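S.K.: What follows is the file entry_17.tsv, containing TSV, C-alpha atoms:
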chain	number	residue	atom	x	y	z
N	1197	MET	CA	0.00	0.00	0.00
N	1198	SER	CA	1.34	3.44	-0.87
N	1199	ASP	CA	3.04	5.42	1.87
N	1200	LEU	CA	0.99	8.38	0.68
N	1201	LEU	CA	-2.03	6.93	2.46
N	1202	PHE	CA	-0.22	7.29	5.76
N	1203	ALA	CA	1.40	10.67	5.15
N	1204	PRO	CA	0.31	13.52	7.44
N	1205	GLN	CA	-2.71	15.25	5.96
N	1206	PRO	CA	-2.88	19.05	5.83
N	1207	VAL	CA	-5.10	20.83	8.34
N	1208	PHE	CA	-7.09	23.36	6.31
N	1209	THR	CA	-8.88	24.99	9.26
N	1210	ARG	CA	-7.91	25.28	12.91
N	1211	VAL	CA	-10.12	27.20	15.34
N	1212	GLU	CA	-9.50	28.03	19.00
N	1213	ARG	CA	-11.28	30.21	21.50
N	1214	THR	CA	-8.80	32.75	22.85
N	1215	GLY	CA	-11.02	34.66	25.29
N	1216	PRO	CA	-14.63	35.23	26.37
N	1217	ALA	CA	-15.23	37.29	23.20
N	1218	CYS	CA	-12.36	36.18	20.94
N	1219	VAL	CA	-11.71	33.40	18.44
N	1220	ARG	CA	-8.58	32.68	16.40
N	1221	ARG	CA	-8.66	30.56	13.29
N	1222	THR	CA	-5.92	29.49	10.90
N	1223	GLU	CA	-7.22	29.00	7.39
N	1224	THR	CA	-5.95	27.68	4.09
N	1225	ILE	CA	-7.39	29.74	1.25
N	1226	ARG	CA	-9.32	27.38	-1.00
N	1227	PRO	CA	-10.78	28.01	-4.48
N	1228	GLY	CA	-14.24	28.94	-3.21
N	1229	MET	CA	-12.78	31.61	-0.91
N	1230	CYS	CA	-11.03	33.82	-3.46
N	1231	GLY	CA	-11.34	35.36	-6.91
N	1232	PRO	CA	-14.49	37.52	-7.16
N	1233	LEU	CA	-14.97	39.79	-4.17
N	1234	GLN	CA	-18.29	38.06	-3.49
N	1235	SER	CA	-16.41	34.80	-2.69
N	1236	PHE	CA	-14.24	36.48	-0.07
N	1237	VAL	CA	-17.22	38.32	1.42
N	1238	ALA	CA	-19.25	35.12	1.70
N	1239	THR	CA	-16.36	33.26	3.35
N	1240	VAL	CA	-15.84	35.89	6.03
N	1241	GLY	CA	-19.60	36.05	6.53
N	1242	ASP	CA	-19.55	32.35	7.40
N	1243	TRP	CA	-16.70	33.04	9.86
N	1244	THR	CA	-18.91	35.66	11.50
N	1245	TRP	CA	-21.72	33.15	12.02
N	1246	GLU	CA	-19.24	30.60	13.36
N	1247	ALA	CA	-17.67	33.10	15.78
N	1248	VAL	CA	-21.08	34.12	17.13
N	1249	SER	CA	-22.04	30.45	17.48
N	1250	THR	CA	-18.85	29.77	19.45
N	1251	LEU	CA	-19.21	32.76	21.77
N	1252	CYS	CA	-22.94	33.36	22.20
N	1253	GLY	CA	-24.31	30.02	23.36
N	1254	LEU	CA	-26.36	28.93	20.34
N	1255	ASP	CA	-26.02	27.43	16.88
N	1256	VAL	CA	-26.57	30.44	14.64
N	1257	PHE	CA	-27.20	28.22	11.63
N	1258	SER	CA	-30.33	26.67	13.17
N	1259	ALA	CA	-31.51	29.46	15.50
N	1260	ARG	CA	-35.24	29.89	16.17
N	1261	ASP	CA	-37.32	32.49	17.93
N	1262	GLY	CA	-39.76	31.88	20.79
N	1263	ASP	CA	-42.50	30.81	18.34
N	1264	GLY	CA	-40.27	28.27	16.64
N	1265	ASN	CA	-39.68	30.34	13.50
N	1266	PRO	CA	-36.22	30.39	11.91
N	1267	SER	CA	-34.22	33.41	13.06
N	1268	TYR	CA	-31.46	34.66	10.77
N	1269	LEU	CA	-28.38	36.67	11.76
N	1270	ALA	CA	-28.72	39.07	8.84
N	1271	PHE	CA	-25.98	41.45	7.72
N	1272	TYR	CA	-26.83	45.10	8.24
N	1273	TYR	CA	-23.37	46.63	7.74
N	1274	TYR	CA	-20.36	45.06	6.05
N	1275	ARG	CA	-16.99	46.79	5.82
N	1276	ILE	CA	-13.61	45.72	4.42
N	1277	THR	CA	-10.62	47.95	5.16
N	1278	GLY	CA	-6.88	47.95	5.83
N	1279	GLY	CA	-3.67	49.80	5.25
N	1280	GLY	CA	-3.52	48.87	1.56
N	1281	ASP	CA	-0.71	46.31	1.79
N	1282	LEU	CA	-3.07	43.30	1.98
N	1283	SER	CA	-6.16	43.16	-0.23
N	1284	PRO	CA	-8.73	40.42	-0.89
N	1285	ALA	CA	-7.29	40.15	-4.40
N	1286	ASP	CA	-3.90	39.15	-2.90
N	1287	LEU	CA	-5.33	35.90	-1.48
N	1288	THR	CA	-5.08	32.83	-3.68
N	1289	PHE	CA	-5.03	29.04	-3.58
N	1290	GLY	CA	-3.01	27.61	-0.70
N	1291	ASP	CA	-2.31	30.84	1.18
N	1292	ARG	CA	-2.37	30.43	4.96
N	1293	VAL	CA	-3.92	33.22	7.01
N	1294	THR	CA	-4.46	33.82	10.70
N	1295	VAL	CA	-7.87	35.32	11.49
N	1296	ASP	CA	-8.42	36.98	14.86
N	1297	SER	CA	-12.08	37.70	15.59
N	1298	ARG	CA	-13.80	39.64	18.37
N	1299	VAL	CA	-17.53	39.80	19.01
N	1300	PHE	CA	-19.17	42.80	20.69
N	1301	ASP	CA	-22.54	43.27	22.31
N	1302	ALA	CA	-24.64	45.57	20.14
N	1303	GLY	CA	-27.98	44.99	21.87
N	1304	ARG	CA	-30.57	42.29	22.39
N	1305	ARG	CA	-31.17	41.81	18.68
N	1306	SER	CA	-27.77	42.59	17.16
N	1307	VAL	CA	-24.06	41.85	17.41
N	1308	LEU	CA	-20.86	43.39	16.02
N	1309	THR	CA	-18.04	41.11	14.84
N	1310	VAL	CA	-14.61	42.24	13.66
N	1311	HIS	CA	-11.98	40.11	11.95
N	1312	ARG	CA	-8.29	40.75	11.32
N	1313	LEU	CA	-6.55	38.69	8.65
N	1314	SER	CA	-2.77	38.38	8.46
N	1315	ARG	CA	-0.48	35.93	6.72
N	1316	GLU	CA	0.42	32.96	8.89
N	1317	ASN	CA	4.17	33.33	8.30
N	1318	GLY	CA	4.20	36.91	9.63
N	1319	PRO	CA	4.96	38.07	13.16
N	1320	GLU	CA	2.62	37.07	15.97
N	1321	PRO	CA	-0.12	39.74	16.03
N	1322	PRO	CA	-1.17	41.31	19.34
N	1323	PRO	CA	-4.80	41.18	20.54
N	1324	LEU	CA	-7.23	42.77	18.10
N	1325	GLU	CA	-8.43	46.26	19.04
N	1326	LEU	CA	-11.24	48.24	17.43
N	1327	GLU	CA	-8.93	51.22	16.98
N	1328	GLU	CA	-7.15	49.27	14.24
N	1329	LEU	CA	-10.23	49.57	12.02
N	1330	HIS	CA	-10.51	53.29	12.62
N	1331	GLY	CA	-7.26	54.86	11.47
N	1332	ARG	CA	-4.68	52.59	13.07
N	1333	PRO	CA	-4.36	49.49	10.85
N	1334	ARG	CA	-1.43	47.18	11.52
N	1335	PRO	CA	0.97	46.60	8.58
N	1336	GLY	CA	0.13	43.53	6.54
N	1337	CYS	CA	-3.39	43.18	7.93
N	1338	LEU	CA	-6.83	43.20	6.35
N	1339	TYR	CA	-9.95	43.92	8.42
N	1340	VAL	CA	-13.61	43.05	8.10
N	1341	GLU	CA	-16.36	44.51	10.26
N	1342	ASN	CA	-19.89	43.07	10.39
N	1343	LEU	CA	-22.93	44.44	12.19
N	1344	ASN	CA	-25.65	41.79	12.16
N	1345	VAL	CA	-29.27	41.92	13.30
N	1346	TRP	CA	-31.58	39.03	14.08
N	1347	ILE	CA	-34.57	38.82	11.74
N	1348	THR	CA	-37.39	36.45	10.88
N	1349	ARG	CA	-40.09	36.44	8.23
N	1350	GLY	CA	-43.35	38.12	9.10
N	1351	ALA	CA	-46.74	36.43	9.02
N	1352	ALA	CA	-47.22	37.30	5.34
N	1353	GLY	CA	-43.98	35.57	4.36
N	1354	GLY	CA	-41.88	36.91	1.52
N	1355	ASN	CA	-38.69	38.92	1.76
N	1356	THR	CA	-40.02	42.46	2.11
N	1357	GLY	CA	-41.77	42.07	5.47
N	1358	LEU	CA	-38.85	40.88	7.60
N	1359	ILE	CA	-39.04	41.72	11.31
N	1360	ARG	CA	-36.52	41.90	14.14
N	1361	SER	CA	-36.73	38.82	16.33
N	1362	ALA	CA	-33.99	37.57	18.65
N	1363	PRO	CA	-33.65	33.78	18.90
N	1364	VAL	CA	-33.94	31.65	22.00
N	1365	GLY	CA	-30.58	31.16	23.74
N	1366	PHE	CA	-28.75	34.19	22.33
N	1367	ALA	CA	-26.32	35.16	25.11
N	1368	HIS	CA	-24.71	38.56	24.62
N	1369	GLU	CA	-24.46	40.19	28.05
N	1370	HIS	CA	-20.96	38.78	28.67
N	1371	LEU	CA	-19.58	40.42	25.53
N	1372	PRO	CA	-17.86	43.83	25.62
N	1373	LYS	CA	-20.07	46.73	24.59
N	1374	VAL	CA	-19.41	48.50	21.31
N	1375	PRO	CA	-17.78	51.86	22.16
N	1376	GLU	CA	-20.11	54.64	21.12
N	1377	GLN	CA	-17.53	56.30	18.84
N	1378	TYR	CA	-17.14	53.08	16.85
N	1379	ALA	CA	-20.80	52.05	16.58
N	1380	PRO	CA	-21.60	51.81	12.84
N	1381	ARG	CA	-25.32	52.46	13.34
N	1382	PHE	CA	-24.77	56.22	13.15
N	1383	LEU	CA	-22.81	55.88	9.92
N	1384	CYS	CA	-25.53	53.70	8.44
N	1385	ALA	CA	-28.20	56.20	9.51
N	1386	ARG	CA	-26.40	58.93	7.55
N	1387	ALA	CA	-25.98	56.65	4.54
N	1388	ARG	CA	-29.70	55.81	4.65
N	1389	ASP	CA	-30.80	59.45	4.99
N	1390	ASP	CA	-28.31	60.90	2.46
N	1391	GLY	CA	-28.25	58.01	-0.03
N	1392	ALA	CA	-24.45	57.81	0.29
N	1393	PHE	CA	-21.77	57.28	2.89
N	1394	PRO	CA	-20.01	60.48	4.00
N	1395	HIS	CA	-16.61	61.19	2.45
N	1396	HIS	CA	-13.73	62.90	4.20
N	1397	GLY	CA	-11.20	65.07	2.44
N	1398	PRO	CA	-11.48	67.03	-0.81
N	1399	PRO	CA	-14.66	66.67	-2.87
N	1400	LEU	CA	-14.65	63.95	-5.51
N	1401	GLY	CA	-14.65	64.97	-9.16
N	1402	PRO	CA	-16.50	62.58	-11.50
N	1403	VAL	CA	-14.34	60.43	-13.79
N	1404	ALA	CA	-17.30	59.23	-15.87
N	1405	PRO	CA	-21.02	59.90	-16.21
N	1406	SER	CA	-23.17	58.25	-13.57
N	1407	MET	CA	-24.86	55.06	-14.72
N	1408	ARG	CA	-27.95	53.06	-13.83
N	1409	ILE	CA	-27.81	49.29	-14.34
N	1410	ASP	CA	-31.05	47.30	-14.33
N	1411	HIS	CA	-30.93	43.86	-12.75
N	1412	ARG	CA	-33.63	41.23	-12.43
N	1413	VAL	CA	-33.07	39.04	-9.36
N	1414	ASP	CA	-31.56	35.77	-10.56
N	1415	PRO	CA	-32.73	32.88	-8.34
N	1416	THR	CA	-29.84	30.72	-9.62
N	1417	ARG	CA	-27.17	33.18	-8.46
N	1418	ASP	CA	-28.49	35.90	-6.14
N	1419	VAL	CA	-30.46	33.89	-3.59
N	1420	ASN	CA	-29.27	31.95	-0.53
N	1421	GLY	CA	-30.49	28.62	0.82
N	1422	VAL	CA	-33.48	30.09	2.66
N	1423	GLY	CA	-34.77	32.12	-0.27
N	1424	LEU	CA	-33.42	35.54	0.74
N	1425	LEU	CA	-31.42	37.82	-1.51
N	1426	TYR	CA	-27.91	36.78	-0.42
N	1427	PHE	CA	-25.93	39.49	1.34
N	1428	ALA	CA	-22.75	38.66	-0.59
N	1429	SER	CA	-24.54	39.03	-3.95
N	1430	PHE	CA	-24.79	42.78	-3.27
N	1431	PHE	CA	-21.01	42.94	-3.68
N	1432	SER	CA	-21.38	41.20	-7.03
N	1433	LEU	CA	-24.01	43.76	-8.04
N	1434	ALA	CA	-21.68	46.58	-6.98
N	1435	GLU	CA	-18.65	45.19	-8.81
N	1436	GLY	CA	-20.73	44.45	-11.90
N	1437	ALA	CA	-21.95	48.04	-12.02
N	1438	GLN	CA	-18.42	49.33	-11.54
N	1439	LEU	CA	-17.17	47.12	-14.36
N	1440	LEU	CA	-19.79	48.38	-16.82
N	1441	GLN	CA	-18.92	51.97	-15.96
N	1442	TRP	CA	-15.20	51.12	-16.26
N	1443	ARG	CA	-15.72	49.71	-19.74
N	1444	SER	CA	-17.72	52.79	-20.73
N	1445	ARG	CA	-14.51	54.76	-20.11
N	1446	GLY	CA	-12.69	52.60	-22.67
N	1447	LEU	CA	-10.60	50.85	-19.99
N	1448	GLU	CA	-9.53	47.21	-20.06
N	1449	ASP	CA	-10.81	44.42	-17.85
N	1450	ARG	CA	-7.28	43.42	-16.84
N	1451	ALA	CA	-6.71	46.89	-15.41
N	1452	PHE	CA	-10.03	46.60	-13.54
N	1453	LEU	CA	-8.79	43.42	-11.86
N	1454	GLY	CA	-5.49	45.13	-11.07
N	1455	ARG	CA	-7.09	47.68	-8.73
N	1456	ARG	CA	-6.47	47.29	-4.98
N	1457	LEU	CA	-9.43	47.55	-2.64
N	1458	LEU	CA	-8.72	50.04	0.15
N	1459	ASP	CA	-12.16	50.31	1.71
N	1460	ALA	CA	-15.63	48.91	1.03
N	1461	ARG	CA	-18.86	49.54	2.93
N	1462	ILE	CA	-22.39	48.34	2.40
N	1463	CYS	CA	-25.39	49.14	4.56
N	1464	TYR	CA	-28.27	46.73	3.95
N	1465	LEU	CA	-31.64	48.43	4.37
N	1466	GLY	CA	-33.93	45.68	3.13
N	1467	ASN	CA	-34.31	42.53	1.07
N	1468	ALA	CA	-36.18	41.77	-2.14
N	1469	ASP	CA	-38.50	39.09	-3.46
N	1470	LEU	CA	-37.40	36.59	-6.08
N	1471	ASP	CA	-39.17	38.36	-8.95
N	1472	ALA	CA	-37.88	41.82	-8.04
N	1473	ARG	CA	-36.43	44.23	-10.56
N	1474	LEU	CA	-33.48	46.12	-9.12
N	1475	ALA	CA	-31.67	49.25	-10.24
N	1476	VAL	CA	-28.05	49.90	-9.30
N	1477	ASP	CA	-26.94	53.53	-9.57
N	1478	VAL	CA	-23.17	54.06	-9.64
N	1479	ALA	CA	-21.17	57.30	-9.54
N	1480	THR	CA	-17.35	57.22	-9.49
N	1481	GLY	CA	-14.99	60.07	-8.70
N	1482	ARG	CA	-11.53	60.95	-7.49
N	1483	SER	CA	-10.06	63.89	-5.58
N	1484	GLY	CA	-7.78	65.57	-8.13
N	1485	ASN	CA	-6.59	64.56	-11.57
N	1486	GLY	CA	-3.35	63.05	-10.28
N	1487	SER	CA	-4.96	60.89	-7.65
N	1488	ALA	CA	-4.66	57.10	-7.95
N	1489	ARG	CA	-7.67	56.57	-5.67
N	1490	GLU	CA	-11.19	56.24	-7.00
N	1491	THR	CA	-14.38	55.94	-4.99
N	1492	SER	CA	-17.64	54.54	-6.32
N	1493	ASP	CA	-20.90	55.38	-4.55
N	1494	LEU	CA	-23.72	52.95	-5.26
N	1495	VAL	CA	-27.39	52.71	-4.40
N	1496	VAL	CA	-29.46	49.55	-4.95
N	1497	ARG	CA	-33.20	50.06	-5.34
N	1498	ASP	CA	-36.10	47.65	-5.53
N	1499	LEU	CA	-38.12	49.23	-8.32
N	1500	GLY	CA	-41.35	47.35	-7.66
N	1501	ALA	CA	-41.39	48.26	-3.97
N	1502	ALA	CA	-40.05	51.76	-4.69
N	1503	ARG	CA	-37.47	51.62	-1.91
N	1504	THR	CA	-33.73	51.63	-1.38
N	1505	ILE	CA	-32.41	48.29	-0.15
N	1506	ALA	CA	-28.65	49.04	0.04
N	1507	VAL	CA	-26.14	51.89	0.00
N	1508	ALA	CA	-22.50	51.17	-0.77
N	1509	SER	CA	-19.12	52.86	-1.19
N	1510	LEU	CA	-15.97	51.20	-2.57
N	1511	THR	CA	-12.56	52.86	-2.76
N	1512	HIS	CA	-9.72	51.43	-4.86
N	1513	ARG	CA	-6.17	52.37	-5.63
N	1514	LEU	CA	-5.51	52.06	-9.34
N	1515	ALA	CA	-2.61	49.93	-10.52
With the file now loaded, output its structure as structure tokens.
M.R.:
Amino acid sequence: MSDLLFAPQPVFTRVERTGPACVRRTETIRPGMCGPLQSFVATVGDWTWEAVSTLCGLDVFSARDGDGNPSYLAFYYYRITGGGDLSPADLTFGDRVTVDSRVFDAGRRSVLTVHRLSRENGPEPPPLELEELHGRPRPGCLYVENLNVWITRGAAGGNTGLIRSAPVGFAHEHLPKVPEQYAPRFLCARARDDGAFPHHGPPLGPVAPSMRIDHRVDPTRDVNGVGLLYFASFFSLAEGAQLLQWRSRGLEDRAFLGRRLLDARICYLGNADLDARLAVDVATGRSGNGSARETSDLVVRDLGAARTIAVASLTHRLA
């Protein structure tokens, strides 16, 4: 019999609890985790559910409310950020990363989770602090921040009448509170009211005419296993709109893939039914002609329901 059958097998995932609100995992990047931004977003979203399951006393994947209805830990705010020296596009097959995660108490029906990714062969990172996501990123690190709220379907069913409903067994009181200055709810409130996230620094000058892209919900691609419009598919909608606007400028797809993501934010304001017609409005600008940074502001609307269901902002450094 071949010795290969008895050779040590690689460990693709290792997870350990490192504190009352902390988890560390070591991951091998596999094909389904990288490539399109949606793949990375979905992977880290699963890590969020796993971290909350580990630290909050219930199985998030099968949570139910007091009436026995499925309760979903839905994404309300999703942010990717860092210092620019590690980007989702840098991760490829076989890379090993260390992921430090902390979970914060954001109320009876919500929870904030932050993740810090660094390459496994780098120096041992210190404990993760929220300040790192707000102007003090560590070199060689990539950060993801998720604010999630518990929801369930209302009595009428469908995806447009979702209601807040905490599940049985959700323990959050032992978690550290989200410091007020870092609570993303206020940022999301501004994005909802203004139709865009606030920008700091000089005003952005447009690099191309604004565009509207029509999109019919595709049940074979946009929907998750419980029939909701999948949170990660919003990133695909955003990137698809950016790409069409990029091509309208006469620029090549290879250059589009060569951009480095510096910051991405999405605030989810609602969901949509399977037959919904969506419109994605995209406006892209930069501060000064010589700048290598471009920011795209996007709004996703459900045309049938006449409401905004997401506001997004993505900033890239051009190659």
S.K.: Got a sec: who's within 10 Å of Ser1406 in chain N, counting only C-alpha atoms, leaving out chain neighbours fewer than 5 positions off, as a PDB file with C-alpha atoms, in the frame of the given file?
M.R.:
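part.pdb written:
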ATOM      1  CA  GLN N1441     -18.920  51.970 -15.960  1.00  0.00           C
ATOM      2  CA  ASP N1477     -26.940  53.530  -9.570  1.00  0.00           C
ATOM      3  CA  VAL N1478     -23.170  54.060  -9.640  1.00  0.00           C
ATOM      4  CA  ALA N1479     -21.170  57.300  -9.540  1.00  0.00           C
ATOM      5  CA  THR N1480     -17.350  57.220  -9.490  1.00  0.00           C
ATOM      6  CA  GLY N1481     -14.990  60.070  -8.700  1.00  0.00           C
ATOM      7  CA  SER N1492     -17.640  54.540  -6.320  1.00  0.00           C
ATOM      8  CA  ASP N1493     -20.900  55.380  -4.550  1.00  0.00           C
ATOM      9  CA  LEU N1494     -23.720  52.950  -5.260  1.00  0.00           C
TER      10      LEU N1494
END
S.K.: Go through N:Arg1210, N:His1368, N:His1512, N:Arg1388 one by one, measure the shortest atom-to-atom distance of each to Ile1462 in chain N using all atoms listed in the file, and give the residue with the smallest value.
M.R.: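 Ranked by minimum distance to Ile1462 in chain N, first place goes to N:Arg1388.
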S.K.: Identify the residues within 9 Å of coordinate (-35.2, 47.2, -5.0) (same frame as the file), considering only C-alpha atoms, and give the answer as a list of chain:residue names.
M.R.: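 Those residues lying close to the given coordinates are N:Gly1466, N:Asn1467, N:Ala1468, N:Asp1469, N:Ala1472, N:Arg1473, N:Leu1474, N:Ala1475, N:Val1476, N:Val1496, N:Arg1497, N:Asp1498, N:Leu1499, N:Gly1500, N:Ala1501, N:Ala1502, N:Arg1503, N:Thr1504, N:Ile1505, N:Ala1506.
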S.K.: To one decimal place in Å, what is the distance between CA of Val1237 in chain N and CA of Leu1308 in chain N?
M.R.: 15.9 Å
S.K.: Which residues are close to Gly1357 in chain N, i.e. within 9 Å by only C-alpha atoms, leaving aside same-chain residues fewer than 5 positions away? Reply as a VMD selection string.
M.R.: chain N and resid 1348 to 1352 1466 to 1467
S.K.: Return the single residue from N:Phe1300, N:Phe1452, N:Phe1430, N:Tyr1272 that is closest to Cys1218 in chain N, with distances computed using only C-alpha atoms.
M.R.: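 Of the candidates, the smallest distance to Cys1218 in chain N is held by N:Phe1300.
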S.K.: Using only C-alpha atoms, which residue out of N:Arg1275, N:Arg1489, N:Arg1220, N:Arg1408 lies closest to Leu1329 in chain N?
M.R.: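 Nearest candidate to Leu1329 in chain N out of N:Arg1275, N:Arg1489, N:Arg1220, N:Arg1408: N:Arg1275.
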S.K.: Here is a test: counting all atoms listed in the file, which residue of N:Asp1242, N:Leu1282, N:Val1374, N:Arg1332 is nearest to Val1307 in chain N?
M.R.: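 Using all atoms listed in the file, Val1307 in chain N sits closest to N:Val1374.
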S.K.: One number please: CA of Pro1402 in chain N to CA of Ser1432 in chain N, in Å, one decimal.
M.R.: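 Result for CA of Pro1402 in chain N versus CA of Ser1432 in chain N: 22.4 Å, one decimal.
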S.K.: Between CA of Ser1509 in chain N and CA of His1411 in chain N, what is the spacing in Å?
M.R.: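 One can read the CA of His1411 in chain N to CA of Ser1509 in chain N distance as 18.8 Å.
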S.K.: List the spatial neighbours of Asn1420 in chain N as a PyMOL selection string - criterion: any atom at most 12 Å away, all atoms listed in the file, same-chain residues fewer than 4 positions off excluded.
M.R.: chain N and resi 1238+1268+1270+1355+1413-1416+1424-1429+1467+1470
S.K.: Which is closest to Arg1461 in chain N among N:Thr1277, N:Leu1287, N:Asp1263, N:Arg1482, if we use all atoms listed in the file?
M.R.: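 Among N:Thr1277, N:Leu1287, N:Asp1263, N:Arg1482, it is N:Thr1277 that comes nearest to Arg1461 in chain N.
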S.K.: Between N:Val1293, N:Leu1269, N:Val1256, N:Ala1404, which is the closest to Thr1209 in chain N once you count all atoms listed in the file?
M.R.: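 Among N:Val1293, N:Leu1269, N:Val1256, N:Ala1404, it is N:Val1293 that comes nearest to Thr1209 in chain N.
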S.K.: Please identify every residue of range 1237-1325 of chain N that has at least one atom no farther than 9 Å from an atom of range 1335-1344 of chain N, counting all atoms listed in the file, and for each give the shortest atom pair and the distance in Å to one decimal, arranged by chain then increasing number, as a Markdown table.
M.R.:
| residue | atom | partner | partner_atom | distance |
| --- | --- | --- | --- | --- |
| N:Val1237 | CA | N:Val1340 | CA | 8.9 |
| N:Val1240 | CA | N:Val1340 | CA | 7.8 |
| N:Gly1241 | CA | N:Asn1342 | CA | 8.0 |
| N:Thr1244 | CA | N:Asn1342 | CA | 7.6 |
| N:Leu1269 | CA | N:Asn1344 | CA | 5.8 |
| N:Ala1270 | CA | N:Asn1344 | CA | 5.3 |
| N:Phe1271 | CA | N:Asn1344 | CA | 4.5 |
| N:Tyr1272 | CA | N:Asn1344 | CA | 5.3 |
| N:Tyr1273 | CA | N:Leu1343 | CA | 5.0 |
| N:Tyr1274 | CA | N:Asn1342 | CA | 4.8 |
| N:Arg1275 | CA | N:Glu1341 | CA | 5.0 |
| N:Ile1276 | CA | N:Val1340 | CA | 4.5 |
| N:Thr1277 | CA | N:Tyr1339 | CA | 5.2 |
| N:Gly1278 | CA | N:Leu1338 | CA | 4.8 |
| N:Gly1279 | CA | N:Pro1335 | CA | 6.5 |
| N:Gly1280 | CA | N:Leu1338 | CA | 8.1 |
| N:Asp1281 | CA | N:Gly1336 | CA | 5.6 |
| N:Leu1282 | CA | N:Gly1336 | CA | 5.6 |
| N:Ser1283 | CA | N:Leu1338 | CA | 6.6 |
| N:Pro1284 | CA | N:Leu1338 | CA | 8.0 |
| N:Ala1302 | CA | N:Leu1343 | CA | 8.2 |
| N:Arg1305 | CA | N:Asn1344 | CA | 8.5 |
| N:Ser1306 | CA | N:Asn1344 | CA | 5.5 |
| N:Val1307 | CA | N:Asn1344 | CA | 5.5 |
| N:Leu1308 | CA | N:Leu1343 | CA | 4.5 |
| N:Thr1309 | CA | N:Asn1342 | CA | 5.2 |
| N:Val1310 | CA | N:Glu1341 | CA | 4.4 |
| N:His1311 | CA | N:Val1340 | CA | 5.1 |
| N:Arg1312 | CA | N:Tyr1339 | CA | 4.6 |
| N:Leu1313 | CA | N:Leu1338 | CA | 5.1 |
| N:Ser1314 | CA | N:Cys1337 | CA | 4.9 |
| N:Arg1315 | CA | N:Gly1336 | CA | 7.6 |
| N:Gly1318 | CA | N:Gly1336 | CA | 8.4 |
S.K.: Once 4 Å is added on each side, what centre and edge lengths in Å to one decimal does the axis-aligned box around all listed atoms of range 1386-1394 of chain N have, as JSON?
M.R.:
{"center_x": -25.4, "center_y": 58.4, "center_z": 3.8, "size_x": 18.8, "size_y": 13.1, "size_z": 15.6}
S.K.: In the coordinate frame of the file, compute which residues have an atom within 12 Å of (-11.2, 50.3, 20.4) when using all atoms listed in the file, and state them as a ChimeraX atom specification.
M.R.: /N:1298,1300,1310,1323-1333,1372-1379
S.K.: List the spatial neighbours of Leu1514 in chain N as number ranges by chain - criterion: any atom at most 7 Å away, all atoms listed in the file, same-chain residues fewer than 3 positions off excluded.
M.R.: N: 1455-1456, 1488-1489
S.K.: Can you list, as a PDB file with C-alpha atoms, in the coordinates of the input, every protein, DNA or RNA residue that comes within 9 Å of Leu1439 in chain N when you count only C-alpha atoms, leaving out same-chain residues fewer than 5 positions away?
M.R.:
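Contents of the output file result_21.pdb:
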ATOM      1  CA  ALA N1434     -21.680  46.580  -6.980  1.00  0.00           C
ATOM      2  CA  SER N1444     -17.720  52.790 -20.730  1.00  0.00           C
ATOM      3  CA  ASP N1449     -10.810  44.420 -17.850  1.00  0.00           C
ATOM      4  CA  PHE N1452     -10.030  46.600 -13.540  1.00  0.00           C
TER       5      PHE N1452
END
